[in-house]
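Asks: Take this structure, written in structure tokens, and hold onto it; I'll ask about it next.
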Amino acid sequence: MAYKKFKNTRLFTRLKELKSIFNELNVAVFLVDVNYRIYDHNEKTLGLPGLSLKDNINGKICYELLFNLKSPCEHCILKNDTSLEEIYRKKIRVSLIIEKEIPGNPIPETTYFQKKQYAIRSFSGEYLIVSVMDDVSWMKKKENEQKQNEKLISLGTVVHTVAHDMQNPLLGLRLTLQTMRNRELSSFPPGDFTEKIALLEKDVNKLSKIVDEIKNVTGSKKFRLLPVRIKPVIESSLERIMRLTDSRINAVWEWLVPEDIFVMGNTTNLESIFMNLFKNSVEAFEDAGKVLFLNIWVEARIKKLTLAEKNRFHNRNWLELIIIDNAGGIPPAIIHRVFDPFFTTKRAKSGTGIGLFHIHKIIEDHEGSIDVESKGDYTRFTINFPIMENTGETL
Ligand SMILES: Nc1ncnc2c1ncn2[C@@H]1O[C@H](COP(=O)(O)OP(=O)(O)OP(=O)(O)O)[C@@H](O)[C@H]1O
Ligand SMILES: [Mg+2]
């Protein structure tokens, strides 16, 4: 009877109105308590596990029911050691993009959600976590299209640069051939013929070098990865560079891992990484001419992984190599382009812009990563390699 009476009140109508607004929201919103139990949710939330309006999910564990997981989601705000009260008081928020397959879709497709979480205090004084899941797949799609466009544009630039690089030797070939065609062989003064042949040879060599580089870069040679002791590889590359140049180089080692640490790799390719890096340092040092000595710092340590990285990399140990030089630095305007193929600031000195692109590719083949940062005269490359199981463990 009391309920019938309540149904006729303005408060009841207002509540119904609010509930329908909550349900009509174009985002999934659900509230959970400290034990991950669903406290309330809107209708859109039911679509996440592909359920219908009939299903009652209140009181169920959110990660099991909505995400089909056996333990809480990787980045859940509740996994934080902070209490709910503190999350509420300090207004701590989590916002990230997650991928999720929506069950029941005829064509399985990954949906991207922006998931936001924060804490609220309910009317009864209980702290709850609000999760808002917004389908941002359209945004991701646009982003991918843009990336694709950028790739096409950069491919266009590469083709243009290669064509440009080939123009000079081709012009040289044409001119030399023209002068030779217009004259009788016997009319060449002694030595002139040999000189012309040498010019032809030089231009042909230049062209075949360009072709080799393109093949190197575009080819997908797969190497067998074997255990390689990394320190001697770096040492010998550095020594070779020191021997080959007139520059004053100081090498400073900070080797914070065992001497005999191994990575899975290919020695020739690994050498090429360090030779190219050190060569770049020397060239930058000679071009900038700012300091008296080129200092190259080599630091090796075991990378500390975050929880998320540990999951992603299957708990493998990683070697972090940091190589810093004081050769003049890379200006902020170009630093994001240094790994692009054919990007070079040394075109006048016959730089091809392949070095760092090649390094990037080799490191990817070794399942590692490389990053660059620069400040003032300093440039710092950070390289990560997975370490062979038994060597990392002994640390
Ligand atoms: N240690 C460094 N200090 C300053 N600038 C650098 C350094 N390493 C790379 N760069 C910049 O990055 C650009 C790209 O380097 P990359 O090795 O790919 O090509 P390159 O050295 O110009 O030509 P190549 O290696 O093919 O002879 C260089 O032209 C230079 O401007
Ligand atoms: Mg280079």
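Residue numbers start at 1 in each chain; chains themselves are named A, B, ... in the order of the structure tokens; ligands are numbered from 1 in the order shown.
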For the interface of chain A with ligand 1 (cut-off 6 Å, counting only C-alpha atoms and all ligand atoms), please tabulate each contacting residue of chain A alongside its nearest pair of atoms and their separation in Å to one decimal, rows sorted by chain and increasing number, as CSV.
Replies:
```
residue,atom,partner,partner_atom_place_in_ligand_line,distance
A:Asn280,CA,ligand 1,8 (N),4.6
A:Ser281,CA,ligand 1,1 (N),3.9
A:Ala284,CA,ligand 1,4 (C),4.9
A:Ala327,CA,ligand 1,3 (N),5.6
A:Gly328,CA,ligand 1,4 (C),5.8
A:Gly329,CA,ligand 1,4 (C),4.6
A:Ile330,CA,ligand 1,5 (N),4.7
A:Val338,CA,ligand 1,12 (O),4.5
A:Phe339,CA,ligand 1,18 (O),5.9
A:Phe343,CA,ligand 1,14 (C),5.6
A:Thr344,CA,ligand 1,29 (O),3.5
A:Thr345,CA,ligand 1,29 (O),3.9
A:Lys346,CA,ligand 1,22 (O),5.0
A:Gly351,CA,ligand 1,23 (O),3.8
A:Thr352,CA,ligand 1,26 (O),3.7
A:Gly353,CA,ligand 1,19 (O),3.2
A:Ile354,CA,ligand 1,26 (O),3.9
A:Gly355,CA,ligand 1,25 (O),3.5
A:Leu356,CA,ligand 1,18 (O),3.6
A:Phe357,CA,ligand 1,18 (O),5.6
A:Thr379,CA,ligand 1,1 (N),5.6
```
Asks: Using only N, CA and C atoms, please write the residues we just selected to a file, as an mmCIF file, in the first residue's frame.
Replies:
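What ended up in result_36.cif:
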```cif
data_model
loop_
_atom_site.group_PDB
_atom_site.id
_atom_site.type_symbol
_atom_site.label_atom_id
_atom_site.label_comp_id
_atom_site.auth_asym_id
_atom_site.auth_seq_id
_atom_site.Cartn_x
_atom_site.Cartn_y
_atom_site.Cartn_z
ATOM 1 N N ASN A 280 78.043 8.035 -35.711
ATOM 2 C CA ASN A 280 77.209 9.247 -35.651
ATOM 3 C C ASN A 280 77.758 10.233 -34.630
ATOM 4 N N SER A 281 78.191 9.721 -33.469
ATOM 5 C CA SER A 281 78.720 10.611 -32.426
ATOM 6 C C SER A 281 79.954 11.335 -32.942
ATOM 7 N N ALA A 284 79.008 13.950 -35.541
ATOM 8 C CA ALA A 284 78.360 15.125 -34.931
ATOM 9 C C ALA A 284 79.405 15.973 -34.209
ATOM 10 N N ALA A 327 78.351 15.294 -28.230
ATOM 11 C CA ALA A 327 78.835 15.702 -29.553
ATOM 12 C C ALA A 327 78.143 16.921 -30.135
ATOM 13 N N GLY A 328 77.197 17.493 -29.410
ATOM 14 C CA GLY A 328 76.524 18.685 -29.967
ATOM 15 C C GLY A 328 75.012 18.619 -29.870
ATOM 16 N N GLY A 329 74.465 17.389 -29.707
ATOM 17 C CA GLY A 329 73.022 17.251 -29.526
ATOM 18 C C GLY A 329 72.233 17.246 -30.822
ATOM 19 N N ILE A 330 70.968 16.863 -30.698
ATOM 20 C CA ILE A 330 70.066 16.849 -31.864
ATOM 21 C C ILE A 330 68.980 17.887 -31.597
ATOM 22 N N VAL A 338 64.853 11.239 -36.716
ATOM 23 C CA VAL A 338 66.171 10.628 -36.944
ATOM 24 C C VAL A 338 66.110 9.136 -37.286
ATOM 25 N N PHE A 339 65.021 8.446 -36.909
ATOM 26 C CA PHE A 339 64.932 7.018 -37.255
ATOM 27 C C PHE A 339 64.275 6.801 -38.628
ATOM 28 N N PHE A 343 66.567 10.049 -43.690
ATOM 29 C CA PHE A 343 66.633 11.369 -43.059
ATOM 30 C C PHE A 343 68.077 11.636 -42.649
ATOM 31 N N THR A 344 68.653 12.695 -43.155
ATOM 32 C CA THR A 344 70.040 13.016 -42.823
ATOM 33 C C THR A 344 70.255 14.524 -42.829
ATOM 34 N N THR A 345 71.174 14.976 -41.999
ATOM 35 C CA THR A 345 71.571 16.388 -42.047
ATOM 36 C C THR A 345 72.955 16.471 -42.680
ATOM 37 N N LYS A 346 73.402 15.294 -43.233
ATOM 38 C CA LYS A 346 74.775 15.268 -43.773
ATOM 39 C C LYS A 346 74.770 14.990 -45.265
ATOM 40 N N GLY A 351 76.085 11.617 -46.440
ATOM 41 C CA GLY A 351 75.336 10.794 -45.481
ATOM 42 C C GLY A 351 74.085 10.321 -46.195
ATOM 43 N N THR A 352 73.661 9.092 -45.920
ATOM 44 C CA THR A 352 72.475 8.599 -46.636
ATOM 45 C C THR A 352 71.225 8.602 -45.755
ATOM 46 N N GLY A 353 71.434 8.704 -44.430
ATOM 47 C CA GLY A 353 70.271 8.706 -43.539
ATOM 48 C C GLY A 353 69.718 7.315 -43.306
ATOM 49 N N ILE A 354 70.573 6.322 -43.524
ATOM 50 C CA ILE A 354 70.116 4.943 -43.354
ATOM 51 C C ILE A 354 70.510 4.402 -41.980
ATOM 52 N N GLY A 355 71.607 4.966 -41.412
ATOM 53 C CA GLY A 355 72.191 4.420 -40.177
ATOM 54 C C GLY A 355 71.188 4.104 -39.082
ATOM 55 N N LEU A 356 70.483 5.109 -38.601
ATOM 56 C CA LEU A 356 69.578 4.888 -37.465
ATOM 57 C C LEU A 356 68.357 4.067 -37.863
ATOM 58 N N PHE A 357 67.926 4.200 -39.093
ATOM 59 C CA PHE A 357 66.798 3.391 -39.558
ATOM 60 C C PHE A 357 67.183 1.907 -39.504
ATOM 61 N N THR A 379 73.418 13.781 -26.353
ATOM 62 C CA THR A 379 72.439 12.890 -26.981
ATOM 63 C C THR A 379 72.504 11.561 -26.245
#
```
Asks: Would you mind writing down, as a PDB file with N, CA and C atoms, in the first residue's frame, each residue of stretch 159-345 of chain A that DSSP on the backbone assigns to strand (DSSP E or B)?
Replies:
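Written out: result.pdb:
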```pdb
ATOM      1  N   LEU A 226      71.684 -16.164 -31.661  1.00  0.00           N
ATOM      2  CA  LEU A 226      72.466 -17.039 -30.790  1.00  0.00           C
ATOM      3  C   LEU A 226      72.921 -16.237 -29.579  1.00  0.00           C
ATOM      4  N   PRO A 227      73.297 -16.918 -28.472  1.00  0.00           N
ATOM      5  CA  PRO A 227      73.767 -16.143 -27.314  1.00  0.00           C
ATOM      6  C   PRO A 227      75.050 -15.377 -27.662  1.00  0.00           C
ATOM      7  N   VAL A 228      75.036 -14.081 -27.412  1.00  0.00           N
ATOM      8  CA  VAL A 228      76.213 -13.247 -27.709  1.00  0.00           C
ATOM      9  C   VAL A 228      76.595 -12.485 -26.448  1.00  0.00           C
ATOM     10  N   ARG A 229      77.899 -12.520 -26.095  1.00  0.00           N
ATOM     11  CA  ARG A 229      78.357 -11.694 -24.967  1.00  0.00           C
ATOM     12  C   ARG A 229      78.406 -10.259 -25.451  1.00  0.00           C
ATOM     13  N   ILE A 249      88.653  10.864 -28.448  1.00  0.00           N
ATOM     14  CA  ILE A 249      87.475  10.230 -27.834  1.00  0.00           C
ATOM     15  C   ILE A 249      87.831   9.681 -26.454  1.00  0.00           C
ATOM     16  N   ASN A 250      86.970   9.983 -25.494  1.00  0.00           N
ATOM     17  CA  ASN A 250      87.083   9.399 -24.156  1.00  0.00           C
ATOM     18  C   ASN A 250      85.926   8.443 -23.957  1.00  0.00           C
ATOM     19  N   ALA A 251      86.216   7.225 -23.583  1.00  0.00           N
ATOM     20  CA  ALA A 251      85.098   6.306 -23.332  1.00  0.00           C
ATOM     21  C   ALA A 251      84.961   6.108 -21.824  1.00  0.00           C
ATOM     22  N   VAL A 252      83.785   6.274 -21.304  1.00  0.00           N
ATOM     23  CA  VAL A 252      83.537   6.091 -19.869  1.00  0.00           C
ATOM     24  C   VAL A 252      82.542   4.946 -19.696  1.00  0.00           C
ATOM     25  N   TRP A 253      82.978   3.916 -18.958  1.00  0.00           N
ATOM     26  CA  TRP A 253      82.124   2.728 -18.796  1.00  0.00           C
ATOM     27  C   TRP A 253      81.466   2.699 -17.433  1.00  0.00           C
ATOM     28  N   GLU A 254      80.226   2.355 -17.410  1.00  0.00           N
ATOM     29  CA  GLU A 254      79.512   2.152 -16.144  1.00  0.00           C
ATOM     30  C   GLU A 254      78.781   0.828 -16.321  1.00  0.00           C
ATOM     31  N   TRP A 255      79.483  -0.263 -16.072  1.00  0.00           N
ATOM     32  CA  TRP A 255      78.936  -1.586 -16.381  1.00  0.00           C
ATOM     33  C   TRP A 255      78.376  -2.203 -15.101  1.00  0.00           C
ATOM     34  N   PHE A 262      74.774 -12.187 -21.485  1.00  0.00           N
ATOM     35  CA  PHE A 262      74.503 -12.591 -22.869  1.00  0.00           C
ATOM     36  C   PHE A 262      73.158 -12.058 -23.344  1.00  0.00           C
ATOM     37  N   VAL A 263      73.102 -11.671 -24.602  1.00  0.00           N
ATOM     38  CA  VAL A 263      71.784 -11.410 -25.182  1.00  0.00           C
ATOM     39  C   VAL A 263      71.631 -12.353 -26.373  1.00  0.00           C
ATOM     40  N   MET A 264      70.398 -12.601 -26.760  1.00  0.00           N
ATOM     41  CA  MET A 264      70.177 -13.439 -27.934  1.00  0.00           C
ATOM     42  C   MET A 264      70.315 -12.530 -29.147  1.00  0.00           C
ATOM     43  N   GLY A 265      71.298 -12.817 -29.993  1.00  0.00           N
ATOM     44  CA  GLY A 265      71.485 -11.883 -31.095  1.00  0.00           C
ATOM     45  C   GLY A 265      72.358 -12.442 -32.200  1.00  0.00           C
ATOM     46  N   LEU A 294      85.518  14.263 -27.333  1.00  0.00           N
ATOM     47  CA  LEU A 294      84.223  13.608 -27.454  1.00  0.00           C
ATOM     48  C   LEU A 294      84.141  12.586 -26.328  1.00  0.00           C
ATOM     49  N   ASN A 295      83.161  12.747 -25.458  1.00  0.00           N
ATOM     50  CA  ASN A 295      82.969  11.756 -24.402  1.00  0.00           C
ATOM     51  C   ASN A 295      81.832  10.835 -24.792  1.00  0.00           C
ATOM     52  N   ILE A 296      82.088   9.548 -24.656  1.00  0.00           N
ATOM     53  CA  ILE A 296      81.006   8.582 -24.891  1.00  0.00           C
ATOM     54  C   ILE A 296      80.832   7.767 -23.616  1.00  0.00           C
ATOM     55  N   TRP A 297      79.662   7.878 -23.012  1.00  0.00           N
ATOM     56  CA  TRP A 297      79.383   7.117 -21.801  1.00  0.00           C
ATOM     57  C   TRP A 297      78.586   5.879 -22.190  1.00  0.00           C
ATOM     58  N   VAL A 298      79.025   4.734 -21.688  1.00  0.00           N
ATOM     59  CA  VAL A 298      78.258   3.507 -21.927  1.00  0.00           C
ATOM     60  C   VAL A 298      77.834   2.963 -20.576  1.00  0.00           C
ATOM     61  N   GLU A 299      76.550   2.841 -20.398  1.00  0.00           N
ATOM     62  CA  GLU A 299      76.054   2.349 -19.116  1.00  0.00           C
ATOM     63  C   GLU A 299      75.196   1.124 -19.370  1.00  0.00           C
ATOM     64  N   ALA A 300      75.395   0.088 -18.552  1.00  0.00           N
ATOM     65  CA  ALA A 300      74.567  -1.121 -18.716  1.00  0.00           C
ATOM     66  C   ALA A 300      73.956  -1.474 -17.384  1.00  0.00           C
ATOM     67  N   ARG A 301      72.656  -1.688 -17.365  1.00  0.00           N
ATOM     68  CA  ARG A 301      72.033  -2.128 -16.125  1.00  0.00           C
ATOM     69  C   ARG A 301      70.825  -2.988 -16.441  1.00  0.00           C
ATOM     70  N   ILE A 302      70.327  -3.646 -15.410  1.00  0.00           N
ATOM     71  CA  ILE A 302      69.136  -4.454 -15.621  1.00  0.00           C
ATOM     72  C   ILE A 302      67.931  -3.542 -15.476  1.00  0.00           C
ATOM     73  N   TRP A 318      65.520  -7.740 -18.716  1.00  0.00           N
ATOM     74  CA  TRP A 318      65.934  -6.883 -19.833  1.00  0.00           C
ATOM     75  C   TRP A 318      67.220  -6.162 -19.492  1.00  0.00           C
ATOM     76  N   LEU A 319      68.084  -6.081 -20.490  1.00  0.00           N
ATOM     77  CA  LEU A 319      69.309  -5.310 -20.329  1.00  0.00           C
ATOM     78  C   LEU A 319      69.045  -3.926 -20.890  1.00  0.00           C
ATOM     79  N   GLU A 320      69.384  -2.914 -20.082  1.00  0.00           N
ATOM     80  CA  GLU A 320      69.194  -1.539 -20.565  1.00  0.00           C
ATOM     81  C   GLU A 320      70.568  -0.951 -20.839  1.00  0.00           C
ATOM     82  N   LEU A 321      70.797  -0.580 -22.079  1.00  0.00           N
ATOM     83  CA  LEU A 321      72.073   0.036 -22.453  1.00  0.00           C
ATOM     84  C   LEU A 321      71.841   1.505 -22.736  1.00  0.00           C
ATOM     85  N   ILE A 322      72.620   2.335 -22.053  1.00  0.00           N
ATOM     86  CA  ILE A 322      72.464   3.769 -22.278  1.00  0.00           C
ATOM     87  C   ILE A 322      73.763   4.289 -22.878  1.00  0.00           C
ATOM     88  N   ILE A 323      73.654   4.946 -24.010  1.00  0.00           N
ATOM     89  CA  ILE A 323      74.849   5.483 -24.669  1.00  0.00           C
ATOM     90  C   ILE A 323      74.659   6.992 -24.826  1.00  0.00           C
ATOM     91  N   ILE A 324      75.537   7.730 -24.162  1.00  0.00           N
ATOM     92  CA  ILE A 324      75.401   9.197 -24.182  1.00  0.00           C
ATOM     93  C   ILE A 324      76.653   9.796 -24.818  1.00  0.00           C
ATOM     94  N   ASP A 325      76.468  10.835 -25.624  1.00  0.00           N
ATOM     95  CA  ASP A 325      77.647  11.576 -26.088  1.00  0.00           C
ATOM     96  C   ASP A 325      77.424  13.070 -25.891  1.00  0.00           C
TER      97      ASP A 325
END
```
Asks: When you look at A:Ser369 with a cut-off of 8 Å (counting only C-alpha atoms), what residues show up, excluding the ones that are within fewer than 6 positions of it in the same chain? I need them as a PyMOL selection string.
Replies: chain A and resi 360+363+383-385
Asks: Separation of atom CA of A:Gln114 and atom CA of A:Leu69, in Å?
Replies: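 It comes out at 18.4 Å.
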Asks: Can you pull out every residue from stretch 3-55 of chain A that DSSP, working from the backbone, puts in helix (DSSP H, G or I), and format the result as JSON, numbers by chain?
Replies: {"A": [3, 4, 5, 6, 7, 10, 11, 12, 13, 14, 15, 16, 17, 18, 19, 20, 21, 22, 23, 24, 43, 44, 45, 46]}
Asks: Smallest atom-to-atom distance to ligand 2: which of A:Ser272, A:Asn80, A:Ser71, A:Asn58, using only C-alpha atoms and all ligand atoms?
Replies: A:Ser272
Asks: Closest to A:Leu170 among A:Ile241, A:Val291, A:Val204, A:Ile359, using only C-alpha atoms?
Replies: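 Once distances to A:Leu170 are computed over only C-alpha atoms, the minimum belongs to A:Val204.
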Asks: Atom CA of A:Thr111 and atom CA of A:Met139, how far apart in Å?
Replies: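 Atom-to-atom, atom CA of A:Met139 to atom CA of A:Thr111, that is 10.8 Å.
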Asks: Can you tell me, as a PyMOL selection string, what residues are no more than 12 Å from A:Glu239 when counting only C-alpha atoms, ignoring any on the same chain fewer than 5 positions away?
Replies: chain A and resi 232-234+244-245+249-251+271+274-275+278-279+296
Asks: Could you name the residues that touch A:Met133 at 8 Å or less, counting only C-alpha atoms, but leaving out those on the same chain fewer than 5 positions away, as a count of residues only?
Replies: 7
Asks: Which residue is closest to A:Glu201? Choose from A:Thr179, A:Phe30, A:Pro169, A:Phe342 and count only C-alpha atoms.
Replies: A:Pro169
